[in-house]
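A.B. asks: Structure file final_21.cif (mmCIF, C-alpha atoms) right here:
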```cif
data_my_file
loop_
_atom_site.group_PDB
_atom_site.id
_atom_site.type_symbol
_atom_site.label_atom_id
_atom_site.label_comp_id
_atom_site.auth_asym_id
_atom_site.auth_seq_id
_atom_site.Cartn_x
_atom_site.Cartn_y
_atom_site.Cartn_z
ATOM 1 C CA GLU A 847 0.000 0.000 0.000
ATOM 2 C CA ASN A 848 2.964 2.373 0.456
ATOM 3 C CA LYS A 849 3.418 2.279 -3.331
ATOM 4 C CA ILE A 850 -0.041 3.742 -3.944
ATOM 5 C CA ILE A 851 -0.397 7.479 -4.481
ATOM 6 C CA ILE A 852 -3.868 9.040 -4.591
ATOM 7 C CA LEU A 853 -3.931 12.204 -6.647
ATOM 8 C CA SER A 854 -7.300 13.928 -6.925
ATOM 9 C CA HIS A 855 -8.369 16.348 -9.645
ATOM 10 C CA PHE A 856 -7.768 20.072 -9.258
ATOM 11 C CA THR A 857 -9.815 23.130 -10.145
ATOM 12 C CA ASN A 858 -8.633 26.222 -11.904
ATOM 13 C CA ILE A 859 -11.888 28.177 -11.968
ATOM 14 C CA ALA A 860 -11.712 31.949 -12.182
ATOM 15 C CA ASP A 861 -14.774 34.097 -11.519
ATOM 16 C CA ASN A 862 -15.989 36.122 -14.470
ATOM 17 C CA LYS A 863 -17.737 39.144 -12.969
ATOM 18 C CA ASN A 864 -18.747 40.643 -16.335
ATOM 19 C CA THR A 865 -21.774 38.392 -16.846
ATOM 20 C CA THR A 866 -24.726 37.449 -14.671
ATOM 21 C CA VAL A 867 -27.255 34.655 -14.763
ATOM 22 C CA LEU A 868 -29.999 37.226 -15.370
ATOM 23 C CA GLN A 869 -28.622 37.855 -18.852
ATOM 24 C CA TYR A 870 -29.182 34.184 -19.630
ATOM 25 C CA THR A 871 -32.340 33.118 -17.782
ATOM 26 C CA GLY A 872 -34.197 36.403 -17.799
ATOM 27 C CA VAL A 873 -35.705 35.636 -14.367
ATOM 28 C CA LYS A 874 -34.160 35.412 -10.937
ATOM 29 C CA GLU A 875 -35.669 32.491 -9.088
ATOM 30 C CA LYS A 876 -34.684 29.915 -6.502
ATOM 31 C CA TYR A 877 -33.247 26.822 -8.164
ATOM 32 C CA ALA A 878 -31.061 23.771 -7.673
ATOM 33 C CA PHE A 879 -28.663 23.070 -10.537
ATOM 34 C CA TYR A 880 -27.592 19.847 -12.231
ATOM 35 C CA PHE A 881 -25.128 19.809 -15.102
ATOM 36 C CA GLY A 882 -23.657 16.902 -17.024
ATOM 37 C CA ARG A 883 -25.030 13.920 -18.887
ATOM 38 C CA ILE A 884 -28.814 13.832 -18.708
ATOM 39 C CA SER A 885 -29.385 10.107 -18.445
ATOM 40 C CA LYS A 886 -30.984 7.472 -16.216
ATOM 41 C CA GLU A 887 -27.515 6.272 -15.190
ATOM 42 C CA LYS A 888 -26.800 9.709 -13.719
ATOM 43 C CA GLY A 889 -30.068 9.660 -11.770
ATOM 44 C CA VAL A 890 -31.645 12.592 -13.606
ATOM 45 C CA ASN A 891 -35.031 10.865 -13.778
ATOM 46 C CA ASN A 892 -34.775 10.505 -9.987
ATOM 47 C CA LEU A 893 -34.189 14.262 -9.627
ATOM 48 C CA ILE A 894 -37.102 15.076 -11.933
ATOM 49 C CA ASN A 895 -39.432 12.888 -9.842
ATOM 50 C CA ILE A 896 -38.226 14.543 -6.633
ATOM 51 C CA PHE A 897 -38.622 18.131 -7.878
ATOM 52 C CA LYS A 898 -41.972 17.370 -9.501
ATOM 53 C CA ASN A 899 -43.435 17.211 -5.999
ATOM 54 C CA ILE A 900 -41.427 19.929 -4.212
ATOM 55 C CA GLY A 901 -42.685 23.491 -4.076
ATOM 56 C CA GLY A 902 -40.690 26.682 -3.622
ATOM 57 C CA ILE A 903 -37.656 25.651 -5.651
ATOM 58 C CA LYS A 904 -37.025 24.593 -9.248
ATOM 59 C CA ILE A 905 -34.354 22.396 -10.772
ATOM 60 C CA TYR A 906 -32.391 23.576 -13.797
ATOM 61 C CA LEU A 907 -30.816 20.844 -15.907
ATOM 62 C CA ALA A 908 -27.925 21.597 -18.263
ATOM 63 C CA GLY A 909 -26.515 19.050 -20.664
ATOM 64 C CA LYS A 910 -27.285 16.815 -23.589
ATOM 65 C CA ILE A 911 -30.331 14.564 -23.191
ATOM 66 C CA GLU A 912 -29.527 10.919 -23.899
ATOM 67 C CA LYS A 913 -31.953 8.566 -25.660
ATOM 68 C CA ASN A 914 -32.972 6.681 -22.524
ATOM 69 C CA ILE A 915 -34.632 9.664 -20.817
ATOM 70 C CA LYS A 916 -37.465 12.083 -21.535
ATOM 71 C CA ILE A 917 -38.068 15.349 -19.716
ATOM 72 C CA GLU A 918 -41.719 16.134 -19.100
ATOM 73 C CA LYS A 919 -42.967 19.708 -19.322
ATOM 74 C CA LEU A 920 -43.210 20.641 -15.659
ATOM 75 C CA ASN A 921 -43.405 24.031 -13.953
ATOM 76 C CA ASN A 922 -40.417 23.465 -11.716
ATOM 77 C CA VAL A 923 -38.146 21.464 -14.049
ATOM 78 C CA LYS A 924 -36.293 23.455 -16.701
ATOM 79 C CA HIS A 925 -33.933 21.983 -19.310
ATOM 80 C CA LEU A 926 -31.427 24.576 -20.538
ATOM 81 C CA GLY A 927 -29.635 22.461 -23.153
ATOM 82 C CA TYR A 928 -25.895 22.156 -23.575
ATOM 83 C CA LEU A 929 -24.113 25.250 -22.207
ATOM 84 C CA GLY A 930 -20.619 26.728 -22.439
ATOM 85 C CA GLN A 931 -18.345 27.146 -19.410
ATOM 86 C CA ASP A 932 -19.175 30.816 -18.719
ATOM 87 C CA LYS A 933 -22.931 30.192 -18.605
ATOM 88 C CA LEU A 934 -22.425 27.092 -16.460
ATOM 89 C CA LYS A 935 -20.336 29.074 -13.956
ATOM 90 C CA GLU A 936 -22.948 31.805 -13.650
ATOM 91 C CA LEU A 937 -25.752 29.286 -13.177
ATOM 92 C CA ILE A 938 -23.735 27.485 -10.491
ATOM 93 C CA LYS A 939 -22.958 30.750 -8.671
ATOM 94 C CA ASN A 940 -26.601 31.882 -8.705
ATOM 95 C CA SER A 941 -28.088 28.541 -7.647
ATOM 96 C CA GLU A 942 -29.055 27.578 -4.116
ATOM 97 C CA PHE A 943 -26.951 24.425 -4.477
ATOM 98 C CA VAL A 944 -25.668 21.956 -7.073
ATOM 99 C CA ILE A 945 -27.281 18.522 -7.004
ATOM 100 C CA SER A 946 -26.797 15.016 -8.366
ATOM 101 C CA GLY A 947 -29.152 12.051 -8.132
ATOM 102 C CA SER A 948 -26.543 9.549 -9.300
ATOM 103 C CA LYS A 949 -26.276 6.222 -7.493
ATOM 104 C CA LEU A 950 -23.200 5.267 -9.516
ATOM 105 C CA PRO A 951 -19.965 4.715 -7.588
ATOM 106 C CA GLU A 952 -18.410 7.896 -9.027
ATOM 107 C CA THR A 953 -14.614 7.729 -8.791
ATOM 108 C CA PHE A 954 -14.304 11.479 -8.260
ATOM 109 C CA GLY A 955 -17.326 13.705 -8.734
ATOM 110 C CA LEU A 956 -16.240 16.725 -10.746
ATOM 111 C CA ILE A 957 -19.751 18.175 -10.401
ATOM 112 C CA ALA A 958 -19.169 18.451 -6.625
ATOM 113 C CA LEU A 959 -15.654 19.818 -7.051
ATOM 114 C CA GLU A 960 -16.742 22.514 -9.510
ATOM 115 C CA ALA A 961 -19.716 23.503 -7.329
ATOM 116 C CA ASN A 962 -17.513 23.952 -4.253
ATOM 117 C CA ALA A 963 -14.868 25.866 -6.223
ATOM 118 C CA LEU A 964 -17.559 28.447 -7.020
ATOM 119 C CA GLY A 965 -18.757 28.571 -3.415
ATOM 120 C CA LYS A 966 -21.847 26.412 -3.742
ATOM 121 C CA PRO A 967 -22.790 23.430 -1.585
ATOM 122 C CA PHE A 968 -23.179 20.048 -3.264
ATOM 123 C CA VAL A 969 -26.149 17.817 -2.463
ATOM 124 C CA GLY A 970 -26.256 14.192 -3.549
ATOM 125 C CA LEU A 971 -26.439 10.578 -2.481
ATOM 126 C CA LYS A 972 -23.752 9.005 -0.312
ATOM 127 C CA THR A 973 -21.985 6.975 -2.990
ATOM 128 C CA GLY A 974 -18.589 6.552 -4.629
ATOM 129 C CA ALA A 975 -15.944 9.145 -3.735
ATOM 130 C CA TYR A 976 -18.403 11.844 -2.654
ATOM 131 C CA PRO A 977 -17.841 11.089 1.072
ATOM 132 C CA GLU A 978 -14.119 11.863 0.562
ATOM 133 C CA MET A 979 -15.007 15.326 -0.762
ATOM 134 C CA ILE A 980 -18.188 16.434 0.987
ATOM 135 C CA GLU A 981 -18.385 17.163 4.717
ATOM 136 C CA THR A 982 -21.965 17.211 5.935
ATOM 137 C CA MET A 983 -23.226 20.732 6.626
ATOM 138 C CA LYS A 984 -19.825 22.257 5.754
ATOM 139 C CA ASN A 985 -19.635 22.091 1.960
ATOM 140 C CA GLY A 986 -22.797 20.150 1.223
ATOM 141 C CA TYR A 987 -24.908 17.206 2.238
ATOM 142 C CA LEU A 988 -24.871 13.522 1.296
ATOM 143 C CA ALA A 989 -28.173 11.706 1.714
ATOM 144 C CA GLU A 990 -28.584 8.042 2.579
ATOM 145 C CA ASN A 991 -31.678 7.688 0.354
ATOM 146 C CA ASN A 992 -34.313 9.639 -1.590
ATOM 147 C CA GLU A 993 -36.360 10.478 1.508
ATOM 148 C CA ASP A 994 -33.297 12.004 3.138
ATOM 149 C CA LEU A 995 -32.532 13.878 -0.104
ATOM 150 C CA VAL A 996 -36.048 15.381 -0.198
ATOM 151 C CA LYS A 997 -35.732 16.505 3.451
ATOM 152 C CA ILE A 998 -32.451 18.385 2.902
ATOM 153 C CA ILE A 999 -33.731 20.025 -0.322
ATOM 154 C CA LYS A 1000 -36.769 21.333 1.571
ATOM 155 C CA LYS A 1001 -34.618 22.542 4.480
ATOM 156 C CA ILE A 1002 -32.210 24.429 2.198
ATOM 157 C CA SER A 1003 -34.979 25.970 0.067
ATOM 158 C CA SER A 1004 -36.897 27.141 3.166
ATOM 159 C CA GLY A 1005 -33.773 28.683 4.717
ATOM 160 C CA GLU A 1006 -33.794 26.274 7.668
ATOM 161 C CA VAL A 1007 -30.330 25.100 6.570
ATOM 162 C CA SER A 1008 -27.701 27.442 5.141
ATOM 163 C CA PHE A 1009 -24.035 27.272 4.147
ATOM 164 C CA ASN A 1010 -21.120 29.691 4.268
ATOM 165 C CA CYS A 1011 -20.480 30.041 0.531
ATOM 166 C CA GLN A 1012 -17.276 32.066 0.907
ATOM 167 C CA LYS A 1013 -15.838 29.432 3.248
ATOM 168 C CA ILE A 1014 -16.798 26.649 0.825
ATOM 169 C CA LYS A 1015 -15.037 28.481 -2.013
ATOM 170 C CA ASN A 1016 -11.893 29.250 0.016
ATOM 171 C CA ASN A 1017 -11.550 25.703 1.382
ATOM 172 C CA SER A 1018 -12.088 24.130 -2.036
ATOM 173 C CA ARG A 1019 -9.564 26.359 -3.780
ATOM 174 C CA GLU A 1020 -7.029 25.745 -1.012
ATOM 175 C CA LYS A 1021 -7.433 21.949 -1.100
ATOM 176 C CA TYR A 1022 -7.786 21.427 -4.862
ATOM 177 C CA ASN A 1023 -5.617 24.158 -6.359
ATOM 178 C CA PRO A 1024 -3.409 23.487 -9.412
ATOM 179 C CA ASP A 1025 -0.163 24.408 -7.616
ATOM 180 C CA LYS A 1026 -0.680 21.670 -5.011
ATOM 181 C CA TYR A 1027 -1.600 19.211 -7.754
ATOM 182 C CA TYR A 1028 1.572 20.105 -9.665
ATOM 183 C CA GLU A 1029 3.676 19.723 -6.524
ATOM 184 C CA LYS A 1030 2.183 16.285 -5.765
ATOM 185 C CA ILE A 1031 2.522 14.954 -9.303
ATOM 186 C CA THR A 1032 6.137 16.116 -9.693
ATOM 187 C CA LYS A 1033 6.985 14.439 -6.353
ATOM 188 C CA ALA A 1034 5.374 11.242 -7.658
ATOM 189 C CA PHE A 1035 7.432 11.414 -10.871
ATOM 190 C CA ASP A 1036 10.617 12.109 -8.878
ATOM 191 C CA LYS A 1037 9.905 9.061 -6.732
ATOM 192 C CA LEU A 1038 9.377 6.878 -9.815
ATOM 193 C CA ARG A 1039 12.552 8.199 -11.443
ATOM 194 C CA LYS A 1040 14.591 7.232 -8.374
ATOM 195 C CA ILE A 1041 13.110 3.740 -8.397
ATOM 196 C CA CYS A 1042 13.946 3.254 -12.079
#
```
Could you quickly redo this structure as structure tokens?
C.D. replies:
Amino acid sequence: ENKIIILSHFTNIADNKNTTVLQYTGVKEKYAFYFGRISKEKGVNNLINIFKNIGGIKIYLAGKIEKNIKIEKLNNVKHLGYLGQDKLKELIKNSEFVISGSKLPETFGLIALEANALGKPFVGLKTGAYPEMIETMKNGYLAENNEDLVKIIKKISSGEVSFNCQKIKNNSREKYNPDKYYEKITKAFDKLRKIC
């Protein structure tokens, strides 16, 4: 085990203060945000079913819809299509939180990493590597099941639960910054070179 090195991804996200979500959506409203593949495997149908029955908050979905899923026309579910990086960043920053309904054993959830880098909490199911990244009530919340997921969504949208977005951003950028990644990977290469 002393030969194994774990090297997580890094983020290099800079804030662009020249644009706002209002220029894209036209309306400021309370929403949770999912971005990525829109497929059953990623649990998007699960999220749609959850938000179909929750009032007071919408879910915005960004990404390409795959053949195995259909999005119904619902008042609080909005598909925005495939978006560029700048629009994604603004939608993340203006959301209440970023969410995933995936039950897959994700090796390292970039959706959570990117949300935290922009100061937003991540909400999802306790699966894969998410528990290594998300500390409950500090930078997000990991639910045991759908019922637990519904409870935390309601608590966040009602204001019963809140997060320190600046602290989330600072901690994420400190832990997953490119300089630290570079330092770790060069040390790993140096170690390998000495062995060879």
A.B. asks: Padding of 3 Å on every side, edges along x, y and z, all listed atoms of region 1029-1032 of chain A included: what centre and edge lengths in Å, to one decimal, does that box have, as JSON?
C.D. replies:
```
{"center_x": 4.2, "center_y": 17.3, "center_z": -7.7, "size_x": 10.0, "size_y": 10.8, "size_z": 9.9}
```
A.B. asks: Ranking A:Ala1034, A:Ala989, A:Ile998, A:Met979 by minimum distance to Tyr1022 (chain A) and counting all atoms listed in the file, which one comes first?
C.D. replies: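 Between A:Ala1034, A:Ala989, A:Ile998, A:Met979, the residue approaching Tyr1022 (chain A) most closely is A:Met979.
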A.B. asks: Enumerate, as a ChimeraX atom specification, the protein, DNA and RNA residues whose atoms approach (-26.0, 20.6, -1.8) to within 9 Å, taking into account all atoms listed in the file and the coordinate frame of the file.
C.D. replies: /A:878,942-946,958,961,966-970,983,985-988,998-999,1002
A.B. asks: List, as a PyMOL selection string, every residue that the PyMOL selection byres ((chain A and resi 885) around 8) selects in the file provided.
C.D. replies: chain A and resi 883-884+886-891+911-915
A.B. asks: Since we have the selection now, will you write its residues out, keeping C-alpha atoms, as a short mmCIF file (atom, residue, chain, number, x, y, z; two decimals), keeping the file's coordinate frame?
C.D. replies:
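Below you can see again_9.cif, which holds the result:
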```
data_model
loop_
_atom_site.label_atom_id
_atom_site.label_comp_id
_atom_site.auth_asym_id
_atom_site.auth_seq_id
_atom_site.Cartn_x
_atom_site.Cartn_y
_atom_site.Cartn_z
CA ARG A 883 -25.03 13.92 -18.89
CA ILE A 884 -28.81 13.83 -18.71
CA LYS A 886 -30.98 7.47 -16.22
CA GLU A 887 -27.52 6.27 -15.19
CA LYS A 888 -26.80 9.71 -13.72
CA GLY A 889 -30.07 9.66 -11.77
CA VAL A 890 -31.64 12.59 -13.61
CA ASN A 891 -35.03 10.86 -13.78
CA ILE A 911 -30.33 14.56 -23.19
CA GLU A 912 -29.53 10.92 -23.90
CA LYS A 913 -31.95 8.57 -25.66
CA ASN A 914 -32.97 6.68 -22.52
CA ILE A 915 -34.63 9.66 -20.82
#
```
A.B. asks: Which residues would end up in the selection if the PyMOL selection byres ((chain A and resi 896) around 10) were applied here, given that I need the answer as a list in words?
C.D. replies: Val890, Asn891, Asn892, Leu893, Ile894, Asn895, Phe897, Lys898, Asn899, Ile900, Ile905, Gly947, Asn992, Glu993, Leu995, Val996 and Ile999 of chain A
A.B. asks: Point out the residue among A:Gly882, A:Gly902, A:Ile1041, A:Ile850 with the least atom-to-atom distance to Lys1000 (chain A), counting all atoms listed in the file.
C.D. replies: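 Counting all atoms listed in the file, the residue closest to Lys1000 (chain A) is A:Gly902.
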A.B. asks: Enter the distance from CA of Asp932 (chain A) to CA of Tyr880 (chain A), in Å, rounded to one decimal.
C.D. replies: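 Result for CA of Asp932 (chain A) versus CA of Tyr880 (chain A): 15.3 Å, one decimal.
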A.B. asks: Applied to the shown file, which residues does the PyMOL selection byres ((chain A and resi 951-953) around 8) return, written as a PDB file with C-alpha atoms, keeping the file's coordinate frame?
C.D. replies:
```pdb
ATOM      1  CA  LYS A 949     -26.276   6.222  -7.493  1.00  0.00           C
ATOM      2  CA  LEU A 950     -23.200   5.267  -9.516  1.00  0.00           C
ATOM      3  CA  PHE A 954     -14.304  11.479  -8.260  1.00  0.00           C
ATOM      4  CA  GLY A 955     -17.326  13.705  -8.734  1.00  0.00           C
ATOM      5  CA  THR A 973     -21.985   6.975  -2.990  1.00  0.00           C
ATOM      6  CA  GLY A 974     -18.589   6.552  -4.629  1.00  0.00           C
ATOM      7  CA  ALA A 975     -15.944   9.145  -3.735  1.00  0.00           C
ATOM      8  CA  TYR A 976     -18.403  11.844  -2.654  1.00  0.00           C
TER       9      TYR A 976
END
```
A.B. asks: Work out how far apart CA of Lys910 (chain A) and CA of Ser1003 (chain A) are and give it in Å to one decimal.
C.D. replies: 26.5 Å
A.B. asks: Would you mind telling me which residue in A:Lys933, A:Lys876, A:Arg1039, A:Lys916 lies nearest to Gly901 (chain A) when using all atoms listed in the file?
C.D. replies: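 With all atoms listed in the file as the atom set, the closest residue is A:Lys876.
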A.B. asks: What gap, in Å, lies between CA of Asn962 (chain A) and CA of Lys1015 (chain A)?
C.D. replies: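 Distance reported for this atom pair: 5.6 Å.
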A.B. asks: For each of A:Ser948, A:Lys1033, A:Thr982, A:Leu907, take the minimum atom-to-atom distance to Val1007 (chain A), counting all atoms listed in the file, then give the residue where this is smallest.
C.D. replies: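 Distance minimum relative to Val1007 (chain A) lands on A:Thr982.
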